[in-house]
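The block underneath contains the structure these notes are about, expressed in structure tokens.
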Amino acid sequence: MNNIDQKLDRILARAEELRFMLSGTLGGDAFVKASKELAEIEPIEARVTELRAAEQARRDAEAMLADPEMKELAAAELESLKQSLPDLEMSVRLALLPKDEADDRSAILEIRPAAGGDEAGLFAAELFQAYQKYAGLHGWRFEVLEYGESELGGLKEGIAEITGKSVFAKLKFESGVHRVQRVPATETQGRIHTSTVTVAVLPEAEEVDVAVNEADLRIDVYRASGAGGQHVNKTESAVRITHIPTGIVVAMQEERSQHKNRAKAMKILRSRMYELQRSSLNATRAADRKSQVGTGDRSERIRTYNFPQGRVTDHRINLTLHKIDRVMLGEMDEIIDALIAEDQAARLAAET
């Protein structure tokens, strides 16, 4: 830890400086900016303070070993610190990793069937429900923005807004191709089919994040239609917005109100544009949404759901869980936490 002591000193000094500034005459935007910076620093400051207190306790205990009357007590204290110090050091190192500014945001979830026909649509619907249950387990708000259902009850396209603290941080590694292997309900010969579904998780963008020029938009309105193509209403309430410079197209027909559909479509458009901006600035992420979710081909996959064997495998970290029923009920934390830990480990390795 010696090589980062100076950095830790700077963090502690900056926290004190910000408190001094905030206790003075600072106001307006400067006050808001300083308050935000202090809120980001304080969790790191707390970990550093705890670590340094433990390091001082270790030095005190080592000094006490020379005292015969205190030797036994000091040895016990050192044994306890030997176990806790590595965890405290790791906690500080993780806190110092560069933060993805989008981690604290809510997210837009998009799920679509890819290869596999009707079976892909049926699994897409189940996966959409699994994420809805996962959101419920975390106390997040899950609002369906668009849900296109097929004649068999499968999903043609599902889009939801998941609102809560650090939703994107939890779900961002879910983007990609999800593969399912099982015997479809429509299969009479009992053969196992392989189908795929694409998942995209985008950080929700605020209006201030993305400047959308109305002149760059082409807005089409049309009658919403349901499964099989029948009209579900007689008014032109469905909205399709095309952002001409980027080619991003968002269609929305979930609401009966054209105004509400337009508002939802703009929310999705901003999030896709925001992610596109993030992607261009960050070489480690996909250059666009298409590479983020892949083509949907069966050979591309981040995760496989094998129902006959009752297992879920995440191929990026070689993690297999034999509890597919629990995962489909939204109990995904074991997979998601492992992905986050792997990402942290990789970034720590890159820092050294």
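Going by the structure tokens order, chains are called A, B, ..., each with residues numbered from 1, while ligands are numbered from 1 in the order shown.
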### Every residue of segment 127-282 of chain A that DSSP places in strand (DSSP E or B), as a ChimeraX atom specification
/A:141-149,155-163,176-182,193-203,217-222,225,231,238-243,248-252
#### Entry: Neighbour list for Met21 of chain A as a PyMOL selection string, cut-off 10 Å, only C-alpha atoms, skip fewer than 5 positions in-chain
chain A and resi 15-16+26-27+30-31+34-35
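Closest approach to Leu8 of chain A among A:Glu89, A:Asp118, A:Glu62, A:Asp220: A:Glu89, based on only C-alpha atoms.
Residue nearest Val210 of chain A within the list A:Ala350, A:Leu155, A:Met332, A:Met273: A:Met273 [criterion: smallest interatomic distance, only C-alpha atoms].
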### Message
Please identify the helix (DSSP H, G or I) residues within segment 100-140 of chain A (assignment by DSSP from backbone atoms) and present them as a PyMOL selection string.
### Response
chain A and resi 117-137
Within 10 Å of segment 192-203 of chain A, which residues of segment 123-171 of chain A show up? Give each one with its shortest atom-to-atom distance in Å (one decimal) and the two atoms involved, counting only C-alpha atoms, rows by chain then rising residue number, as CSV.
```
residue,atom,partner,partner_atom,distance
A:Phe123,CA,A:Val197,CA,7.5
A:Ala124,CA,A:Val197,CA,5.9
A:Ala125,CA,A:Val197,CA,9.8
A:Leu127,CA,A:Val197,CA,8.7
A:Phe128,CA,A:Val199,CA,9.3
A:Gly158,CA,A:Val199,CA,9.7
A:Ile159,CA,A:Ala200,CA,9.5
A:Ala160,CA,A:Val201,CA,9.8
A:Glu161,CA,A:Leu202,CA,9.7
A:Ile162,CA,A:Pro203,CA,9.8
A:Ser166,CA,A:Pro203,CA,9.9
A:Val167,CA,A:Pro203,CA,8.5
A:Phe168,CA,A:Pro203,CA,5.8
A:Ala169,CA,A:Pro203,CA,9.0
A:Leu171,CA,A:Val201,CA,6.7
```
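Here the question is which of A:Glu69, A:Ile302, A:Pro98, A:Phe142 gets nearest to Ala130 of chain A using only C-alpha atoms, and that residue is A:Phe142.
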I'd like the contact shell of Ser84 of chain A - 12 Å cut-off, only C-alpha atoms, skipping same-chain residues fewer than 2 positions apart - returned as a PDB file with all heavy atoms, in the first residue's frame.
```pdb
ATOM      1  N   GLU A  50     -10.381   3.913   8.135  1.00  0.00           N
ATOM      2  CA  GLU A  50     -10.469   2.609   8.799  1.00  0.00           C
ATOM      3  C   GLU A  50      -9.185   1.804   8.588  1.00  0.00           C
ATOM      4  O   GLU A  50      -8.670   1.173   9.517  1.00  0.00           O
ATOM      5  CB  GLU A  50     -11.674   1.838   8.254  1.00  0.00           C
ATOM      6  CG  GLU A  50     -11.957   0.541   9.009  1.00  0.00           C
ATOM      7  CD  GLU A  50     -13.164  -0.188   8.465  1.00  0.00           C
ATOM      8  OE1 GLU A  50     -13.768   0.283   7.470  1.00  0.00           O
ATOM      9  OE2 GLU A  50     -13.512  -1.241   9.024  1.00  0.00           O
ATOM     10  N   LEU A  51      -8.644   1.848   7.374  1.00  0.00           N
ATOM     11  CA  LEU A  51      -7.403   1.126   7.082  1.00  0.00           C
ATOM     12  C   LEU A  51      -6.245   1.674   7.906  1.00  0.00           C
ATOM     13  O   LEU A  51      -5.478   0.906   8.509  1.00  0.00           O
ATOM     14  CB  LEU A  51      -7.080   1.234   5.587  1.00  0.00           C
ATOM     15  CG  LEU A  51      -5.716   0.692   5.153  1.00  0.00           C
ATOM     16  CD1 LEU A  51      -5.596  -0.805   5.425  1.00  0.00           C
ATOM     17  CD2 LEU A  51      -5.453   1.000   3.675  1.00  0.00           C
ATOM     18  N   ALA A  53      -6.325   3.305  10.693  1.00  0.00           N
ATOM     19  CA  ALA A  53      -6.509   2.989  12.116  1.00  0.00           C
ATOM     20  C   ALA A  53      -6.055   1.552  12.392  1.00  0.00           C
ATOM     21  O   ALA A  53      -5.417   1.275  13.422  1.00  0.00           O
ATOM     22  CB  ALA A  53      -7.974   3.160  12.499  1.00  0.00           C
ATOM     23  N   ALA A  54      -6.359   0.647  11.464  1.00  0.00           N
ATOM     24  CA  ALA A  54      -5.945  -0.752  11.619  1.00  0.00           C
ATOM     25  C   ALA A  54      -4.423  -0.886  11.514  1.00  0.00           C
ATOM     26  O   ALA A  54      -3.800  -1.669  12.250  1.00  0.00           O
ATOM     27  CB  ALA A  54      -6.630  -1.615  10.570  1.00  0.00           C
ATOM     28  N   GLU A  55      -3.823  -0.122  10.608  1.00  0.00           N
ATOM     29  CA  GLU A  55      -2.367  -0.161  10.462  1.00  0.00           C
ATOM     30  C   GLU A  55      -1.685   0.374  11.726  1.00  0.00           C
ATOM     31  O   GLU A  55      -0.644  -0.162  12.165  1.00  0.00           O
ATOM     32  CB  GLU A  55      -1.950   0.657   9.230  1.00  0.00           C
ATOM     33  CG  GLU A  55      -2.315  -0.014   7.918  1.00  0.00           C
ATOM     34  CD  GLU A  55      -2.036   0.867   6.705  1.00  0.00           C
ATOM     35  OE1 GLU A  55      -2.021   2.116   6.868  1.00  0.00           O
ATOM     36  OE2 GLU A  55      -1.852   0.327   5.612  1.00  0.00           O
ATOM     37  N   ALA A  57      -3.019   0.265  14.715  1.00  0.00           N
ATOM     38  CA  ALA A  57      -3.252  -0.761  15.731  1.00  0.00           C
ATOM     39  C   ALA A  57      -2.239  -1.893  15.607  1.00  0.00           C
ATOM     40  O   ALA A  57      -1.766  -2.438  16.614  1.00  0.00           O
ATOM     41  CB  ALA A  57      -4.675  -1.305  15.603  1.00  0.00           C
ATOM     42  N   ARG A  58      -1.880  -2.227  14.374  1.00  0.00           N
ATOM     43  CA  ARG A  58      -0.872  -3.273  14.160  1.00  0.00           C
ATOM     44  C   ARG A  58       0.485  -2.825  14.695  1.00  0.00           C
ATOM     45  O   ARG A  58       1.187  -3.595  15.358  1.00  0.00           O
ATOM     46  CB  ARG A  58      -0.758  -3.602  12.668  1.00  0.00           C
ATOM     47  CG  ARG A  58       0.295  -4.683  12.362  1.00  0.00           C
ATOM     48  CD  ARG A  58       0.380  -4.985  10.884  1.00  0.00           C
ATOM     49  NE  ARG A  58       0.718  -3.799  10.113  1.00  0.00           N
ATOM     50  CZ  ARG A  58       0.745  -3.767   8.780  1.00  0.00           C
ATOM     51  NH1 ARG A  58       0.414  -4.864   8.091  1.00  0.00           N
ATOM     52  NH2 ARG A  58       1.079  -2.671   8.140  1.00  0.00           N
ATOM     53  N   GLU A  77      -4.249  -9.701  19.179  1.00  0.00           N
ATOM     54  CA  GLU A  77      -4.623  -8.539  18.378  1.00  0.00           C
ATOM     55  C   GLU A  77      -4.002  -8.604  16.987  1.00  0.00           C
ATOM     56  O   GLU A  77      -4.649  -8.324  15.978  1.00  0.00           O
ATOM     57  CB  GLU A  77      -4.175  -7.254  19.095  1.00  0.00           C
ATOM     58  CG  GLU A  77      -4.407  -5.958  18.336  1.00  0.00           C
ATOM     59  CD  GLU A  77      -5.873  -5.542  18.275  1.00  0.00           C
ATOM     60  OE1 GLU A  77      -6.719  -6.240  18.868  1.00  0.00           O
ATOM     61  OE2 GLU A  77      -6.162  -4.527  17.618  1.00  0.00           O
ATOM     62  N   LEU A  78      -2.747  -9.003  16.912  1.00  0.00           N
ATOM     63  CA  LEU A  78      -2.063  -9.124  15.630  1.00  0.00           C
ATOM     64  C   LEU A  78      -2.695 -10.193  14.749  1.00  0.00           C
ATOM     65  O   LEU A  78      -2.794 -10.034  13.530  1.00  0.00           O
ATOM     66  CB  LEU A  78      -0.578  -9.441  15.849  1.00  0.00           C
ATOM     67  CG  LEU A  78       0.309  -8.257  16.248  1.00  0.00           C
ATOM     68  CD1 LEU A  78       1.697  -8.733  16.646  1.00  0.00           C
ATOM     69  CD2 LEU A  78       0.401  -7.264  15.081  1.00  0.00           C
ATOM     70  N   GLU A  79      -3.112 -11.301  15.370  1.00  0.00           N
ATOM     71  CA  GLU A  79      -3.753 -12.372  14.608  1.00  0.00           C
ATOM     72  C   GLU A  79      -5.069 -11.879  13.987  1.00  0.00           C
ATOM     73  O   GLU A  79      -5.380 -12.183  12.840  1.00  0.00           O
ATOM     74  CB  GLU A  79      -4.024 -13.578  15.516  1.00  0.00           C
ATOM     75  CG  GLU A  79      -4.592 -14.785  14.797  1.00  0.00           C
ATOM     76  CD  GLU A  79      -3.681 -15.320  13.711  1.00  0.00           C
ATOM     77  OE1 GLU A  79      -2.437 -15.218  13.865  1.00  0.00           O
ATOM     78  OE2 GLU A  79      -4.203 -15.851  12.711  1.00  0.00           O
ATOM     79  N   SER A  80      -5.813 -11.108  14.768  1.00  0.00           N
ATOM     80  CA  SER A  80      -7.070 -10.547  14.262  1.00  0.00           C
ATOM     81  C   SER A  80      -6.821  -9.560  13.126  1.00  0.00           C
ATOM     82  O   SER A  80      -7.513  -9.572  12.102  1.00  0.00           O
ATOM     83  CB  SER A  80      -7.819  -9.853  15.404  1.00  0.00           C
ATOM     84  OG  SER A  80      -8.970  -9.201  14.922  1.00  0.00           O
ATOM     85  N   LEU A  81      -5.812  -8.704  13.296  1.00  0.00           N
ATOM     86  CA  LEU A  81      -5.483  -7.716  12.274  1.00  0.00           C
ATOM     87  C   LEU A  81      -4.931  -8.367  11.008  1.00  0.00           C
ATOM     88  O   LEU A  81      -5.152  -7.879   9.894  1.00  0.00           O
ATOM     89  CB  LEU A  81      -4.473  -6.710  12.822  1.00  0.00           C
ATOM     90  CG  LEU A  81      -5.010  -5.738  13.877  1.00  0.00           C
ATOM     91  CD1 LEU A  81      -3.865  -5.018  14.575  1.00  0.00           C
ATOM     92  CD2 LEU A  81      -5.960  -4.731  13.220  1.00  0.00           C
ATOM     93  N   LYS A  82      -4.247  -9.486  11.190  1.00  0.00           N
ATOM     94  CA  LYS A  82      -3.694 -10.225  10.052  1.00  0.00           C
ATOM     95  C   LYS A  82      -4.810 -10.670   9.114  1.00  0.00           C
ATOM     96  O   LYS A  82      -4.635 -10.752   7.895  1.00  0.00           O
ATOM     97  CB  LYS A  82      -2.906 -11.437  10.564  1.00  0.00           C
ATOM     98  CG  LYS A  82      -2.208 -12.241   9.477  1.00  0.00           C
ATOM     99  CD  LYS A  82      -1.449 -13.401  10.099  1.00  0.00           C
ATOM    100  CE  LYS A  82      -0.789 -14.256   9.027  1.00  0.00           C
ATOM    101  NZ  LYS A  82      -0.068 -15.416   9.616  1.00  0.00           N
ATOM    102  N   PRO A  86      -5.900  -7.342   5.031  1.00  0.00           N
ATOM    103  CA  PRO A  86      -5.982  -7.561   3.576  1.00  0.00           C
ATOM    104  C   PRO A  86      -7.337  -7.141   2.993  1.00  0.00           C
ATOM    105  O   PRO A  86      -7.398  -6.574   1.902  1.00  0.00           O
ATOM    106  CB  PRO A  86      -5.756  -9.067   3.425  1.00  0.00           C
ATOM    107  CG  PRO A  86      -4.962  -9.443   4.631  1.00  0.00           C
ATOM    108  CD  PRO A  86      -5.497  -8.580   5.728  1.00  0.00           C
ATOM    109  N   ASP A  87      -8.418  -7.410   3.731  1.00  0.00           N
ATOM    110  CA  ASP A  87      -9.748  -7.008   3.254  1.00  0.00           C
ATOM    111  C   ASP A  87      -9.881  -5.493   3.209  1.00  0.00           C
ATOM    112  O   ASP A  87     -10.473  -4.935   2.273  1.00  0.00           O
ATOM    113  CB  ASP A  87     -10.839  -7.592   4.166  1.00  0.00           C
ATOM    114  CG  ASP A  87     -10.965  -9.106   4.028  1.00  0.00           C
ATOM    115  OD1 ASP A  87     -10.526  -9.636   2.985  1.00  0.00           O
ATOM    116  OD2 ASP A  87     -11.495  -9.739   4.957  1.00  0.00           O
ATOM    117  N   LEU A  88      -9.321  -4.814   4.217  1.00  0.00           N
ATOM    118  CA  LEU A  88      -9.375  -3.354   4.237  1.00  0.00           C
ATOM    119  C   LEU A  88      -8.544  -2.760   3.099  1.00  0.00           C
ATOM    120  O   LEU A  88      -8.956  -1.794   2.454  1.00  0.00           O
ATOM    121  CB  LEU A  88      -8.871  -2.824   5.580  1.00  0.00           C
ATOM    122  CG  LEU A  88      -9.779  -3.072   6.785  1.00  0.00           C
ATOM    123  CD1 LEU A  88      -9.052  -2.678   8.078  1.00  0.00           C
ATOM    124  CD2 LEU A  88     -11.077  -2.280   6.646  1.00  0.00           C
ATOM    125  N   GLU A  89      -7.376  -3.352   2.853  1.00  0.00           N
ATOM    126  CA  GLU A  89      -6.521  -2.883   1.757  1.00  0.00           C
ATOM    127  C   GLU A  89      -7.228  -3.056   0.414  1.00  0.00           C
ATOM    128  O   GLU A  89      -7.188  -2.166  -0.446  1.00  0.00           O
ATOM    129  CB  GLU A  89      -5.189  -3.635   1.769  1.00  0.00           C
ATOM    130  CG  GLU A  89      -4.290  -3.265   2.943  1.00  0.00           C
ATOM    131  CD  GLU A  89      -3.051  -4.144   3.021  1.00  0.00           C
ATOM    132  OE1 GLU A  89      -2.924  -5.067   2.196  1.00  0.00           O
ATOM    133  OE2 GLU A  89      -2.209  -3.900   3.904  1.00  0.00           O
ATOM    134  N   MET A  90      -7.870  -4.215   0.219  1.00  0.00           N
ATOM    135  CA  MET A  90      -8.591  -4.465  -1.026  1.00  0.00           C
ATOM    136  C   MET A  90      -9.760  -3.497  -1.184  1.00  0.00           C
ATOM    137  O   MET A  90     -10.034  -2.998  -2.276  1.00  0.00           O
ATOM    138  CB  MET A  90      -9.105  -5.910  -1.051  1.00  0.00           C
ATOM    139  CG  MET A  90      -9.893  -6.261  -2.320  1.00  0.00           C
ATOM    140  SD  MET A  90      -8.924  -6.028  -3.841  1.00  0.00           S
ATOM    141  CE  MET A  90      -7.759  -7.397  -3.690  1.00  0.00           C
ATOM    142  N   SER A  91     -10.439  -3.209  -0.075  1.00  0.00           N
ATOM    143  CA  SER A  91     -11.556  -2.272  -0.102  1.00  0.00           C
ATOM    144  C   SER A  91     -11.105  -0.894  -0.582  1.00  0.00           C
ATOM    145  O   SER A  91     -11.783  -0.248  -1.386  1.00  0.00           O
ATOM    146  CB  SER A  91     -12.175  -2.171   1.298  1.00  0.00           C
ATOM    147  OG  SER A  91     -13.175  -1.187   1.328  1.00  0.00           O
TER     148      SER A  91
END
```
### Query
Using only C-alpha atoms, which residue out of A:Ile219, A:Leu319, A:Ala13, A:Val180 lies closest to Gly116 of chain A?
A:Val180
### Query
From the list A:Gly330, A:Gly164, A:Gly24, A:Pro308, which residue is nearest Gly139 of chain A when using only C-alpha atoms?
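The answer is A:Gly164, which sits nearest to Gly139 of chain A.
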### Query
What does the distance between atom CA of Asp337 of chain A and atom CA of Ala205 of chain A come to in Å, to one decimal place?
24.4 Å
